[in-house]
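Undergrad: So that we are looking at the same thing, I have put the structure below in structure tokens.
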Number of protein chains: 2
Amino acid sequence: MDNLTEKVAELSKRRGFFFQSSEAYGGVAGFQTFGPEGAEVKRKIENSWRETFSRGLGHREIEAPTIMQEDVFKASGHLDGFDDMIIECPECGTSSRADHLIEDNTEVEEAESFSTDQVEALIKEHDLECPSCGDSLTDVEVEDFNLMFETSIGPGSGQTGYLRPETAQGIFVEFPRLKEYARNQLPFGITQIGKAYRNEISPRKGLVRVREFTQAELEHFIDPEEDEPDIERVADVELMLYPVGEQEKDDGEYVYATVEEAVEEDIVESEWVAYYLGIAKKWYKEIGVDMDRFRYRQHNEGERAHYATDCWDAEAEVDGDWIEITGFAYRGCYDLKKHDEYSQNDFTVFKEYDEPEVVEKKAVDADMGYLGPEFGDKAGEIKDKLEELARQKPEAFEADKVIVEVEDEEFSVPSEKANFSVEKTEEHGEQILPHVVEPSFGIGRIVYTVLAHAYDEEQVEDGERTVMHLSDRVAPTEVAVFPLMDKEGLGEKAREVADKLRSEGLSVKYDDTGNIGRRYRRQDEVGTPYCVTVDYETLEEEAETVTVRDRDSMDQKRVKIQDLAEHLK
Amino acid sequence: MDNLTEKVAELSKRRGFFFQSSEAYGGVAGFQTFGPEGAEVKRKIENSWRETFSRGLGHREIEAPTIMQEDVFKASGHLDGFDDMIIECPECGTSSRADHLIEDNTEVEEAESFSTDQVEALIKEHDLECPSCGDSLTDVEVEDFNLMFETSIGPGSGQTGYLRPETAQGIFVEFPRLKEYARNQLPFGITQIGKAYRNEISPRKGLVRVREFTQAELEHFIDPEEDEPDIERVADVELMLYPVGEQEKDDGEYVYATVEEAVEEDIVESEWVAYYLGIAKKWYKEIGVDMDRFRYRQHNEGERAHYATDCWDAEAEVDGDWIEITGFAYRGCYDLKKHDEYSQNDFTVFKEYDEPEVVEKKAVDADMGYLGPEFGDKAGEIKDKLEELARQKPEAFEADKVIVEVEDEEFSVPSEKANFSVEKTEEHGEQILPHVVEPSFGIGRIVYTVLAHAYDEEQVEDGERTVMHLSDRVAPTEVAVFPLMDKEGLGEKAREVADKLRSEGLSVKYDDTGNIGRRYRRQDEVGTPYCVTVDYETLEEEAETVTVRDRDSMDQKRVKIQDLAEHLK
């Protein structure tokens with residue numbers, strides 16, 4: 001369908017799915033508000049995610065603040081490395097993303113992976129111009145622009161804080177407490193659904209590139225040497241994969257493989273990543289992502305995040321563009337290691353050996369009563385050297401005398417004065433840094449994909465209808481109830497039916513304004529799967545039947561009120 | 001119970017309800033993380049709120065961004081007026097809230113309602129000192145400190161944005177679109193659950209005064225002349241009220257009244273506010289707020305927010321402190337009027353008259369061909385005066401000549417040259433500004449209240465137990481399943497029971513570590529209402545019974561596995 005983006009945007013604004021925020025004040029690019037229908041779709045997708053990725057896998061969810069202190073992002077690498085390349089037109093002052101400028105105006109792809117120098121050279125080579133005023137940008141410097149929103153915490157000059165650029169850091173920094181909660185047993189998974197923020201240089205309209213967005217992230221902490229995913233669970237799930245090798249070919253093709261095959265044939269390097277590709281594929285399908293406009297694409301080396309060792313994106317196609325809706329990354333021990341180094345806390349987990357291991361500990365207990373008088377102010381350093389030697393070259397103590405070198409001078413110490421000994425101790429385990437597997441979902445983009453893939457325009461008897469073929473699992477309203485007209489007891493009966501359906505747990509909308517045809521169109525546009533109409537037949541018959549109209553087929557059939565809830569479920 | 005605050009904090013940290021964020025980095029005051037158990041309680045409270053205040057009342061929920069542009073807060077009054085009084089010690093640099101300093105060290109109450117000058121005078125009068133270093137603060141200036149977190153949106157110098165200090169503004173600014181969505185029909189209600197931010201000068205430990213928190217707000221837009229709440233629905237709900245009149249007495253007492261009495265006896269001025277006090281009272285009770293530690297307190301004039309005309313707080317008592325957990329405000333048309341004035345958009349709603357009204361429109365169409373030559377450069381002003389006269393004193397045009405005064409000079413105009421006429425037009429309605437009724441809930445404080453009111457220490461046979469008597473509606477886990485030991489098929493059977501209960505929709509925890517007594521204690525501490533134990537009897541009997549242990553009574557009884565889900569529900 002042509003112009004799907006514009007059509008979805010128009011419908012979303014009119015019907016209350018999503019729209020530019022604060023438009024009464026002109027709005028600011030990159031901020032969108034979910035209206036009543038959109039907020040309901042979003043919530044249903046979040047709840048379904050929670051069921052699938054948190055509760056369903058035995059993981060637990062936490063909720064951390066969105067503002068975090070500077071130290072955290074020094075450690076995580078975001079303060080230094082979370083940049084986009086920016087170029088500012090000296091003539092009109094417009095800022096542009098330098099890599100996008102190249103991609104939009106040359107044959108070059110993935111310019112994000114280049115250095116600022118390379119990007120400057122490409123701009124010069126192609127003589128690129130400011131997209132706003134047309135002035136030449138060939139001699140303009142390309143700079144790094146940090147994408148975090150900064151703020152100040154507390155009064156006075158305060159303390160610098162940032163709005164988190166990913167929810168993940170809120171989980172990582174709490175690892176010392178979370179591991180206690182998990183009683184120090186790997187593996188365990190922690191999830192979080194919450195806001196994250198990126199001060200994009202040029203946000204797009206709609207939900208695809210916004211400055212404030214909702215992430216659903218799962219951090220699965222594993223022992224890389226011991227823990228394996230339950231591949232069996234998803235072995236047969238078919239994946240549509242687009243590995244780097246194929247992307248680099250001129251006639252590159254998708255590789256179709258089951259999760260099991262993808263692992264066995266090493267198409268997906270990490271079996272943990274493959275496992276989650278399988279779990280997620282089933283979920284996307286359930287919530288209504290069109291599998292004919294969906295693929296898993298492997299990251300090439302340049303675009304991979306600073307922490308990731310292997311990374312695949314789930315991508316959905318809308319209007320010819322492939323949108324990243326989820327990133328699956330094997331983050332290794334990058335994050336926990338950094339926080340372990342930068343903070344005053346312990347981010348390791350004690351890993352018990354199957355059997356205690358006997359470790360030989362070599363030590364000396366040098367006789368200072370001898371070393372002192374004998375070597376004077378060198379005695380301390382000689383003692384240190386003896387200890388070093390005990391660890392590195394214990395056999396040296398087998399001779400009568402031990403020779404150590406201090407400041408280019410050799411000293412000879414009788415072995416008996418060194419008191420060399422070997423102690424055997426039992427070690428029950430060691431401290432290890434867990435590795436992290438992370439599926440990271442962009443909820444807003446998934447909402448957008450689901451809406452765009454549900455959108456359709458159809459020729460029907462009395463003209464054209466716009467219909468949202470939303471999955472039952474995400475449709476904001478499950479059933480709409482209409483009286484033919486609000487008179488002669490029809491409205492009363494219809495409200496009664498609506499209340500009855502509500503009490504049976506369905507989400508119901510009552511509508512009695514306008515003609516029936518228009519009410520059907522209204523519900524088609526917000527994706528309500530069923531409409532129920534109370535008419536004169538309902539009142540006349542003893543059996544009390546109503547008309548049930550199916551959104552997709554538009555078929556109508558009469559159902560008894562008493563069987564209605566059952567029929568709809 | 002003594003030291004309830006510390007006890008709840010200790011348990012919350014140990015068991016994963018809530019704790020200081022980023023403690024590995026020392027943390028920053030005013031930011032708390034909900035651990036797995038606390039996040040679950042919070043989510044359940046939010047869902048229950050949604051059922052009660054949004055879906056249950058036919059309102060709709062939206063989701064707006066947390067970052068909003070400066071213009072919005074210029075209009076809302078937050079940029080100028082959302083301040084606390086701060087005093088900075090010139091000796092040690094510690095910033096304190098000036099009003100708290102007075103309240104903590106003198107007999108003066110509600111110092112927040114005073115001006116900075118009054119506060120300075122009180123500090124001088126009582127010779128107050130810096131709470132940190134003890135230096136005198138008598139000659140130090142008290143300043144206003146704006147509580148909004150500021151940030152910069154976009155590259156370069158950017159555009160100033162603020163983290164919203166209340167979710168409400170995200171609803172108000174979208175009113176032009178929301179009224180369309182409601183087809184311009186009042187009344188309608190819009191809700192939102194989301195983060196709000198206040199850069200508190202001195203946050204407290206725990207969840208009571210934090211810098212980032214979750215609000216659940218309901219903005220009910222009404223026609224103040226037409227719309228009335230469904231008082232019947234809550235007429236009999238009993239309220240414990242603490243009106244301003246009683247607060248001012250030395251021996252002031254609570255007033256016990258039903259919602260109906262509170263309205264009839266004018267204890268609560270706005271019946272809309274009284275209506276929501278009733279709805280909310282029932283809800284607090286359901287989620288486990290202890291009604292013996294609860295009251296509704298009326299705001300006095302000084303503490304009322306800049307927009308509110310009548311305001312009541314729901315307050316809960318913990319450790320002798322009364323904590324505001326909800327504010328109920330009749331905001332009038334304050335917010336919509338401001339946004340209507342400051343923005344380029346229309347925040348009014350067209351109100352149709354029952355019958356069209358005939359309106360007489362008086363006008364003149366002065367003959368400038370006459371006025372011009374006759375009065376020269378005064379002609380324009382004379383024309384304006386004639387128009388004014390037509391509206392204010394139409395009978396003047398009945399005479400042959402009309403006299404108007406311009407700049408102290410009288411001019412006489414022949415009536416025929418004024419072309420006075422009366423046109424009758426039919427008006428079908430008028431544009432009105434809706435009024436707003438707002439219950440605003442602090443979710444974190446409600447979570448805290450529910451935890452603190454559930455906390456208990458009890459003497460039991462084998463010592464003391466800590467138990468959280470959480471309501472079934474908010475307990476993170478509904479049932480825990482234990483095998484007596486994880487051997488001889490007991491573990492297997494217990495896991496089977498756990499899976500069966502999960503499939504019946506219960507939230508279940510499986511635990512097989514430690515002795516049974518310790519496992520009971522663990523579940524008591526996270527408030528799990530039921531523990532189910534699989535023992536040898538389970539395996540031996542044909543009927544397959546398990547032990548069900550009740551958290552509160554600690555009674556145990558045997559129930560058949562097949563009846564278990566039914567029994568627990």
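Going by the structure tokens order, chains are called A, B, ..., each with residues numbered from 1, while ligands are numbered from 1 in the order shown.
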Write down as a list in words the residues of region 374-432 of chain B whose backbone DSSP state falls under helix (DSSP H, G or I).
TA: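 Filtering region 374-432 of chain B down to helix (DSSP H, G or I) leaves Glu374, Phe375, Gly376, Asp377, Lys378, Ala379, Gly380, Glu381, Ile382, Lys383, Asp384, Lys385, Leu386, Glu387, Glu388, Leu389, Ala390, Arg391, Gln392, Pro394, Glu395, Ala396, Phe397, Glu398, Ser415, Glu416, Lys417 and Ala418 of chain B.
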Undergrad: Using only C-alpha atoms, find the residues of chain B whose closest atom to chain A is at most 6 Å away, then write them as a PyMOL selection string.
TA: chain B and resi 22+24-25+33-36+39+60-64+150-151+154-155+173+199+201+343-345
Undergrad: So, with only C-alpha atoms as the atoms that count, which of B:Glu228, B:Asp486, B:Glu217, B:Glu458 lies closest to Met554 (chain B)?
TA: B:Glu458
Undergrad: Excluding Ile123 (chain B) and its own-chain neighbours fewer than 4 positions away, which residues fall within 8 Å of it when counting only C-alpha atoms? Please give them as a list in words.
TA: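 The contact residues come out as Ile102, Val119, Asp127, Leu128, Leu137 and Thr138 of chain B.
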Undergrad: Given the choices A:Thr547, A:Asn3, A:Ser113, A:Gln562, which gets closest to Val318 (chain A) if the distance is worked out from only C-alpha atoms?
TA: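 For Val318 (chain A), the nearest of the given residues is A:Asn3.
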Undergrad: Need to verify the contact set: Glu253 (chain B), 8 Å, only C-alpha atoms, exclusion of same-chain residues closer than 3 positions in sequence. Can you return it as a list in words?
TA: Tyr242, Glu246 and Gln247 of chain B
Undergrad: Would you write out those residues with N, CA and C atoms, as a PDB file, in the first residue's frame?
TA:
```pdb
ATOM      1  N   TYR B 242     -11.425  15.465  58.603  1.00  0.00           N
ATOM      2  CA  TYR B 242     -10.729  16.374  59.501  1.00  0.00           C
ATOM      3  C   TYR B 242     -10.737  17.767  58.845  1.00  0.00           C
ATOM      4  N   GLU B 246     -11.914  22.081  62.468  1.00  0.00           N
ATOM      5  CA  GLU B 246     -11.471  21.215  63.571  1.00  0.00           C
ATOM      6  C   GLU B 246      -9.957  21.291  63.762  1.00  0.00           C
ATOM      7  N   GLN B 247      -9.227  21.407  62.637  1.00  0.00           N
ATOM      8  CA  GLN B 247      -7.761  21.480  62.733  1.00  0.00           C
ATOM      9  C   GLN B 247      -7.329  22.711  63.515  1.00  0.00           C
TER      10      GLN B 247
END
```
Undergrad: Can you pull out every residue from region 307-343 of chain A that DSSP, working from the backbone, puts in strand (DSSP E or B), and format the result as a list in words?
TA: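 So, restricting region 307-343 of chain A to strand (DSSP E or B), we get Asp310, Cys311, Trp312, Asp313, Ala314, Glu315, Ala316, Glu317, Val318, Asp321, Trp322, Ile323, Glu324, Ile325, Thr326, Gly327, Phe328, Ala329, Tyr330, Arg331 and Gly332 of chain A.
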Undergrad: Keeping only C-alpha atoms, write the selected residues as a PDB file, in the first residue's frame.
TA:
```
ATOM      1  CA  ASP A 310      27.093 -10.910  18.696  1.00  0.00           C
ATOM      2  CA  CYS A 311      23.955  -9.016  17.886  1.00  0.00           C
ATOM      3  CA  TRP A 312      20.844  -9.589  15.809  1.00  0.00           C
ATOM      4  CA  ASP A 313      17.954  -7.220  15.228  1.00  0.00           C
ATOM      5  CA  ALA A 314      14.324  -8.084  14.704  1.00  0.00           C
ATOM      6  CA  GLU A 315      13.201  -5.814  11.880  1.00  0.00           C
ATOM      7  CA  ALA A 316       9.743  -5.047  10.532  1.00  0.00           C
ATOM      8  CA  GLU A 317       9.018  -3.501   7.161  1.00  0.00           C
ATOM      9  CA  VAL A 318       6.707  -0.500   6.825  1.00  0.00           C
ATOM     10  CA  ASP A 321      11.741   0.858   5.402  1.00  0.00           C
ATOM     11  CA  TRP A 322      13.055  -1.808   7.735  1.00  0.00           C
ATOM     12  CA  ILE A 323      12.525  -0.710  11.335  1.00  0.00           C
ATOM     13  CA  GLU A 324      14.548  -2.219  14.178  1.00  0.00           C
ATOM     14  CA  ILE A 325      11.990  -3.339  16.750  1.00  0.00           C
ATOM     15  CA  THR A 326      14.228  -5.458  19.021  1.00  0.00           C
ATOM     16  CA  GLY A 327      17.945  -5.961  19.556  1.00  0.00           C
ATOM     17  CA  PHE A 328      19.267  -9.332  20.726  1.00  0.00           C
ATOM     18  CA  ALA A 329      22.760  -8.952  22.146  1.00  0.00           C
ATOM     19  CA  TYR A 330      25.221 -11.205  23.868  1.00  0.00           C
ATOM     20  CA  ARG A 331      26.773  -8.538  26.100  1.00  0.00           C
ATOM     21  CA  GLY A 332      29.313 -10.864  27.695  1.00  0.00           C
TER      22      GLY A 332
END
```
Undergrad: Could you work out how far CA of Cys333 (chain A) lies from CA of Ser270 (chain A), giving the answer in Å with one decimal?
TA: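 CA of Cys333 (chain A) lies at a distance of 14.3 Å from CA of Ser270 (chain A).
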Undergrad: Would you mind telling me which residue in A:Asp223, A:Glu238, A:Glu566, A:Glu120 lies nearest to Ile432 (chain A) when using only C-alpha atoms?
TA: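 Using only C-alpha atoms, Ile432 (chain A) sits closest to A:Asp223.
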Undergrad: Any idea what's packed within 10 Å of Val108 (chain A), counting only C-alpha atoms, ignoring anything in its chain fewer than 4 positions away? Could you give it as a PyMOL selection string?
TA: chain A and resi 99-100+102-104+122
Undergrad: Those selected residues, please, written with all heavy atoms and delivered as a compact mmCIF listing (two decimals), in the first residue's frame.
TA:
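The resulting file, selection.txt, is shown below:
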```
# COMPACT_ATOMS: atom_id res chain seq x y z
N ASP A 99 26.08 11.18 9.38
CA ASP A 99 26.03 9.87 8.71
C ASP A 99 24.77 9.75 7.85
O ASP A 99 24.81 9.22 6.75
CB ASP A 99 26.13 8.72 9.73
CG ASP A 99 25.14 8.87 10.87
OD1 ASP A 99 24.71 10.00 11.15
OD2 ASP A 99 24.80 7.85 11.50
N HIS A 100 23.66 10.29 8.34
CA HIS A 100 22.42 10.24 7.54
C HIS A 100 22.55 11.09 6.28
O HIS A 100 22.03 10.72 5.22
CB HIS A 100 21.24 10.72 8.38
CG HIS A 100 20.81 9.73 9.42
ND1 HIS A 100 19.74 9.91 10.24
CD2 HIS A 100 21.33 8.52 9.75
CE1 HIS A 100 19.62 8.86 11.05
NE2 HIS A 100 20.58 8.01 10.77
N ILE A 102 25.14 11.53 4.53
CA ILE A 102 25.87 10.73 3.53
C ILE A 102 24.98 9.64 2.95
O ILE A 102 24.88 9.48 1.74
CB ILE A 102 27.14 10.12 4.18
CG1 ILE A 102 28.13 11.25 4.47
CG2 ILE A 102 27.75 9.05 3.28
CD1 ILE A 102 29.31 10.82 5.31
N GLU A 103 24.28 8.92 3.85
CA GLU A 103 23.43 7.83 3.37
C GLU A 103 22.32 8.34 2.44
O GLU A 103 21.95 7.68 1.48
CB GLU A 103 22.80 7.08 4.56
CG GLU A 103 23.82 6.25 5.33
CD GLU A 103 23.28 5.74 6.67
OE1 GLU A 103 22.07 5.87 6.90
OE2 GLU A 103 24.09 5.26 7.48
N ASP A 104 21.77 9.51 2.77
CA ASP A 104 20.66 10.04 1.97
C ASP A 104 21.10 10.58 0.62
O ASP A 104 20.30 10.69 -0.30
CB ASP A 104 19.94 11.17 2.73
CG ASP A 104 19.25 10.65 4.00
OD1 ASP A 104 19.12 9.42 4.12
OD2 ASP A 104 18.87 11.48 4.84
N LEU A 122 34.17 11.99 3.33
CA LEU A 122 33.08 11.63 2.40
C LEU A 122 32.24 12.86 2.03
O LEU A 122 31.80 13.00 0.89
CB LEU A 122 32.19 10.56 3.02
CG LEU A 122 32.73 9.12 2.94
CD1 LEU A 122 31.96 8.20 3.86
CD2 LEU A 122 32.63 8.62 1.49
```
Undergrad: Hey, can you check how far CA of Lys385 (chain B) sits from CA of Thr425 (chain B)?
TA: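 Between CA of Lys385 (chain B) and CA of Thr425 (chain B) the gap is 23.5 Å.
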Undergrad: Contacts of Phe420 (chain B) at 8 Å or less, counting only C-alpha atoms, minus same-chain residues fewer than 6 places along, as a PyMOL selection string?
TA: chain B and resi 362-366+390+397
